[in-house]
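The structure file my_file_37.txt is reproduced below (compact mmCIF, C-alpha atoms and all ligand atoms).
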# COMPACT_ATOMS: atom_id res chain seq x y z
CA MET A 1 166.59 -39.02 376.55
CA PHE A 2 169.18 -37.34 378.68
CA GLY A 3 169.22 -34.40 381.00
CA PHE A 4 168.21 -33.88 384.52
CA ARG A 5 165.19 -32.67 386.29
CA PRO A 6 164.89 -30.85 389.56
CA VAL A 7 164.79 -33.13 392.56
CA TYR A 8 161.72 -32.53 394.62
CA ILE A 9 161.55 -33.17 398.29
CA PHE A 10 158.20 -34.84 398.44
CA ASP A 11 155.91 -33.64 401.12
CA VAL A 12 153.29 -36.31 401.46
CA ALA A 13 150.71 -33.79 402.60
CA GLN A 14 151.12 -31.86 399.34
CA THR A 15 151.08 -34.77 396.95
CA ASP A 16 148.46 -37.28 395.90
CA GLY A 17 150.50 -40.23 394.80
CA GLU A 18 149.09 -43.34 393.27
CA PRO A 19 150.56 -46.19 395.22
CA ILE A 20 149.37 -49.68 394.61
CA PRO A 21 147.35 -50.52 397.70
CA ALA A 22 148.69 -53.37 399.78
CA VAL A 23 145.35 -55.16 399.78
CA ASP A 24 144.15 -56.71 396.53
CA SER A 25 146.93 -55.09 394.52
CA PRO A 26 145.64 -54.66 390.99
CA ALA A 27 148.08 -55.85 388.32
CA VAL A 28 149.52 -53.19 386.07
CA MET A 29 147.28 -52.59 383.07
CA ASN A 30 148.82 -53.79 379.84
CA GLY A 31 148.02 -52.82 376.31
CA HIS A 32 147.51 -49.70 374.24
CA THR A 33 144.53 -47.35 374.20
CA GLY A 34 145.81 -44.83 371.66
CA TRP A 35 144.61 -41.96 373.88
CA TYR A 36 147.67 -41.10 375.91
CA GLU A 37 149.32 -38.51 373.69
CA SER A 38 146.16 -36.56 372.91
CA LEU A 39 145.01 -36.60 376.54
CA ARG A 40 148.43 -35.36 377.50
CA GLU A 41 148.09 -32.43 375.09
CA ALA A 42 144.63 -31.58 376.39
CA CYS A 43 145.56 -31.78 380.07
CA PRO A 44 145.74 -28.34 381.70
CA PHE A 45 148.39 -29.50 384.17
CA PRO A 46 152.07 -29.85 383.16
CA ILE A 47 153.08 -33.51 382.92
CA CYS A 48 156.54 -34.85 383.58
CA GLU A 49 157.51 -38.43 382.84
CA VAL A 50 159.86 -39.75 385.49
CA PRO A 51 161.82 -42.92 386.20
CA ALA A 52 160.16 -45.44 388.48
CA GLY A 53 160.75 -44.75 392.14
CA GLU A 54 161.33 -47.29 394.84
CA ASP A 55 157.97 -46.58 396.43
CA GLY A 56 155.95 -48.27 393.68
CA VAL A 57 154.07 -45.05 392.90
CA LEU A 58 152.87 -44.98 389.27
CA GLY A 59 152.02 -41.31 389.18
CA SER A 60 151.34 -38.35 391.40
CA PHE A 61 149.75 -34.92 391.45
CA SER A 62 151.61 -32.18 393.29
CA HIS A 63 149.29 -29.60 394.78
CA ARG A 64 152.24 -27.32 395.36
CA THR A 65 153.35 -27.16 391.72
CA ARG A 66 149.95 -28.12 390.26
CA SER A 67 151.68 -30.65 388.05
CA ILE A 68 151.60 -34.35 387.30
CA GLU A 69 154.34 -36.95 387.33
CA ILE A 70 153.90 -40.28 385.54
CA VAL A 71 156.32 -43.18 385.54
CA GLU A 72 157.73 -43.31 382.04
CA ARG A 73 158.21 -47.01 381.68
CA LEU A 74 154.65 -48.24 382.00
CA PRO A 75 152.40 -49.73 379.34
CA GLU A 76 150.52 -47.02 377.45
CA ALA A 77 147.16 -48.19 378.81
CA GLN A 78 148.41 -47.82 382.38
CA LYS A 79 149.89 -44.40 381.68
CA THR A 80 146.60 -43.27 380.16
CA LYS A 81 144.72 -44.45 383.23
CA VAL A 82 147.23 -42.79 385.59
CA LEU A 83 147.04 -39.53 383.64
CA ILE A 84 143.25 -39.32 383.99
CA HIS A 85 143.48 -40.29 387.68
CA GLU A 86 146.00 -37.53 388.44
CA TRP A 87 144.07 -35.01 386.31
CA ALA A 88 141.04 -35.80 388.46
CA HIS A 89 143.05 -35.13 391.63
CA GLY A 90 143.98 -31.76 390.16
CA LEU A 91 140.35 -30.88 389.47
CA LEU A 92 138.83 -32.25 392.65
CA HIS A 93 141.42 -31.73 395.33
CA SER A 94 143.69 -29.01 396.59
CA LEU A 95 145.55 -28.12 399.75
CA THR A 96 142.35 -26.59 401.05
CA ASP A 97 139.76 -28.96 399.55
CA ARG A 98 140.84 -32.29 400.87
CA PRO A 99 138.52 -35.10 401.80
CA ASP A 100 140.32 -37.95 403.56
CA ARG A 101 142.91 -39.93 401.62
CA GLU A 102 140.67 -42.92 400.98
CA THR A 103 137.94 -40.70 399.58
CA ARG A 104 140.41 -38.77 397.40
CA GLU A 105 141.66 -41.99 395.86
CA LEU A 106 138.14 -43.27 395.35
CA GLU A 107 137.11 -40.04 393.64
CA ALA A 108 140.16 -39.94 391.36
CA GLU A 109 139.98 -43.59 390.37
CA SER A 110 136.23 -43.53 389.81
CA THR A 111 136.68 -40.48 387.56
CA ALA A 112 139.34 -42.40 385.63
CA PHE A 113 136.95 -45.29 385.23
CA VAL A 114 134.14 -43.05 383.93
CA VAL A 115 136.38 -41.17 381.50
CA ALA A 116 138.02 -44.38 380.26
CA SER A 117 134.62 -45.93 379.69
CA ALA A 118 133.54 -42.91 377.63
CA LEU A 119 136.71 -43.33 375.56
CA GLY A 120 135.98 -46.99 375.00
CA PHE A 121 138.47 -48.73 377.24
CA ASP A 122 137.63 -50.67 380.31
CA THR A 123 139.56 -50.15 383.53
CA ALA A 124 137.06 -52.02 385.70
CA ASP A 125 139.39 -54.79 386.86
CA TYR A 126 142.06 -52.33 387.86
CA SER A 127 139.85 -49.55 389.15
CA PHE A 128 137.57 -51.64 391.31
CA GLY A 129 140.52 -53.42 392.88
CA TYR A 130 142.12 -50.06 393.54
CA ILE A 131 138.99 -48.55 395.06
CA VAL A 132 138.28 -51.54 397.26
CA GLY A 133 141.95 -51.57 398.31
CA TRP A 134 141.51 -48.05 399.63
CA ARG A 135 137.93 -47.99 400.70
CA GLY A 136 137.03 -51.58 401.45
CA GLU A 137 133.49 -52.13 402.54
CA GLU A 138 132.87 -48.40 402.72
CA ALA A 139 133.32 -48.12 398.95
CA VAL A 140 129.69 -48.21 397.90
CA LYS A 141 128.61 -45.74 400.56
CA THR A 142 131.42 -43.35 399.62
CA LEU A 143 130.67 -43.74 395.92
CA LYS A 144 127.09 -42.69 396.50
CA ALA A 145 128.20 -39.67 398.49
CA CYS A 146 130.78 -38.60 395.88
CA GLY A 147 128.86 -39.52 392.73
CA THR A 148 128.13 -35.96 391.67
CA ARG A 149 131.72 -34.82 392.18
CA ILE A 150 133.00 -37.77 390.18
CA GLN A 151 130.58 -37.10 387.34
CA ARG A 152 131.49 -33.42 387.29
CA ALA A 153 135.23 -34.16 387.12
CA ALA A 154 134.70 -36.74 384.37
CA ASP A 155 132.65 -34.25 382.36
CA ALA A 156 135.31 -31.55 382.79
CA ILE A 157 138.03 -33.88 381.49
CA LEU A 158 135.98 -35.05 378.54
CA ILE A 159 135.00 -31.47 377.66
CA ALA A 160 138.65 -30.35 377.78
CA PHE A 161 139.59 -33.30 375.62
CA ARG A 162 136.59 -33.52 373.27
CA PRO A 163 137.73 -36.40 371.12
CA GLU A 164 135.61 -36.83 368.00
CA GLN A 165 134.31 -40.15 369.28
CA VAL A 166 132.88 -38.51 372.38
CA ILE A 167 131.29 -35.72 370.36
CA ALA A 168 129.77 -38.30 368.01
CA LYS A 169 128.38 -40.16 371.00
CA GLU A 170 126.76 -36.99 372.38
CA ALA A 171 125.11 -36.31 369.03
CA VAL A 172 123.33 -39.65 369.06
ZN ZN B 1 145.53 -40.94 393.53
Full structure transcribed into structure tokens:
Amino acid sequence: MFGFRPVYIFDVAQTDGEPIPAVDSPAVMNGHTGWYESLREACPFPICEVPAGEDGVLGSFSHRTRSIEIVERLPEAQKTKVLIHEWAHGLLHSLTDRPDRETRELEAESTAFVVASALGFDTADYSFGYIVGWRGEEAVKTLKACGTRIQRAADAILIAFRPEQVIAKEAV
């Protein structure tokens, strides 16, 4: 694919990136979930696939443009996980509704874990490493405090998406 895209001057305060935390860096998720394309279609935020940057960020949500960027050259499973994570940032956070950075990352990654579980793929190894990398020993306490927000965001994503498998599960 050729062409060019606008170059954004990233303002850290306006963007929730997904850097790999320095502590307990989770390995990139390999494999294929089969969900990426349909999640992408269901996502209410515009998604742009971008080349990998030097900062190691796998994806980001811009609160200024209300859009998502995902590094193009990642395994499909990782892209799927990143997409749900950034979608969660879009639902839960804004320039005016901003818990601290560690809590934002915990909320987004926990939402990704819940949604992925409902879709039948397990991000536990990655997600728990990510959450602990950001939140450390505070993780459990923060999870308890944010549990309702996480559940609400996960529900909103699954309702927007409504894959047949999820509907079938609800009917049981
Ligand atoms: Zn994030």
Item to complete: Using only C-alpha atoms and all ligand atoms, pick whichever of A:Glu105, A:Asp55, A:Glu72, A:Asp97 has the shortest atom-to-atom distance to ligand ZN 1 (chain B).
Response: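 Among A:Glu105, A:Asp55, A:Glu72, A:Asp97, it is A:Glu105 that comes nearest to ligand ZN 1 (chain B).
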With region 39-54 of chain A as the partner and 9 Å as the cut-off, tabulate the residues of region 59-168 of chain A that qualify, each row holding the nearest pair of atoms and their distance in Å to one decimal, using all atoms listed in the file, sorted by chain and rising number, as a tab-separated table.
residue	atom	partner	partner_atom	distance
A:Gly59	CA	A:Val50	CA	8.8
A:Arg66	CA	A:Phe45	CA	6.4
A:Ser67	CA	A:Pro46	CA	5.0
A:Ile68	CA	A:Ile47	CA	4.7
A:Glu69	CA	A:Cys48	CA	4.8
A:Ile70	CA	A:Glu49	CA	4.9
A:Val71	CA	A:Val50	CA	4.9
A:Glu72	CA	A:Glu49	CA	5.0
A:Arg73	CA	A:Pro51	CA	7.1
A:Leu74	CA	A:Ala52	CA	9.0
A:Thr80	CA	A:Leu39	CA	7.8
A:Leu83	CA	A:Arg40	CA	7.6
A:Ile84	CA	A:Leu39	CA	8.1
A:Trp87	CA	A:Cys43	CA	7.2
A:Gly90	CA	A:Phe45	CA	7.8
A:Ile157	CA	A:Cys43	CA	7.9
A:Ala160	CA	A:Ala42	CA	6.3
A:Phe161	CA	A:Ala42	CA	5.4
A:Arg162	CA	A:Ala42	CA	8.8
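Proximity of A:Pro75, A:Ser38, A:Lys144, A:Ser110 to ligand ZN 1 (chain B), computed with all atoms listed in the file, is greatest for A:Ser110.
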Fill in: Protein and nucleic residues near ligand ZN 1 (chain B), 7 Å, all atoms listed in the file, as a list in words
Asp16, Gly17, Glu18, Ser60, His85, Glu86, His89, Arg104, Glu105, Ala108 and Glu109 of chain A
Fill in: Polymer residues at most 10 Å from Leu106 (chain A), only C-alpha atoms, same-chain spacing of 5 or more positions, as JSON, numbers by chain
{"A": [85, 101, 111, 112, 127, 128, 130, 131, 132, 133, 134, 135, 139, 142, 143, 146, 150]}
Just to be explicit: take each residue in the selection above, keep C-alpha atoms, and write the result as a compact mmCIF listing (two decimals), in the frame of the given file.
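Dumped everything to part_13.txt:
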# COMPACT_ATOMS: atom_id res chain seq x y z
CA HIS A 85 143.48 -40.29 387.68
CA ARG A 101 142.91 -39.93 401.62
CA THR A 111 136.68 -40.48 387.56
CA ALA A 112 139.34 -42.40 385.63
CA SER A 127 139.85 -49.55 389.15
CA PHE A 128 137.57 -51.64 391.31
CA TYR A 130 142.12 -50.06 393.54
CA ILE A 131 138.99 -48.55 395.06
CA VAL A 132 138.28 -51.54 397.26
CA GLY A 133 141.95 -51.57 398.31
CA TRP A 134 141.51 -48.05 399.63
CA ARG A 135 137.93 -47.99 400.70
CA ALA A 139 133.32 -48.12 398.95
CA THR A 142 131.42 -43.35 399.62
CA LEU A 143 130.67 -43.74 395.92
CA CYS A 146 130.78 -38.60 395.88
CA ILE A 150 133.00 -37.77 390.18
Worksheet item: How many Å separate CA of Met29 (chain A) from CA of Ala154 (chain A)?
Response: 20.3 Å
Discussion item. Restricting the calculation to only C-alpha atoms: of A:Glu37, A:Thr65, A:Gly31, A:Gly147, which residue gets closest to Leu95 (chain A)?
Written reply: A:Thr65
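With all atoms listed in the file as the atoms that count, the minimum distance from Glu137 (chain A) to the choices A:Thr96, A:Glu76, A:Phe61, A:Glu102 is reached by A:Glu102.
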Worksheet entry | Separation of CA of Leu91 (chain A) from CA of Val28 (chain A), in Å and rounded to one decimal |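 Straight-line distance from CA of Leu91 (chain A) to CA of Val28 (chain A) works out to 24.4 Å.
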Discussion item. One number please: CA of Ala88 (chain A) to CA of His32 (chain A), in Å, one decimal.
Written reply: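 Here the two named atoms are 20.9 Å from each other.
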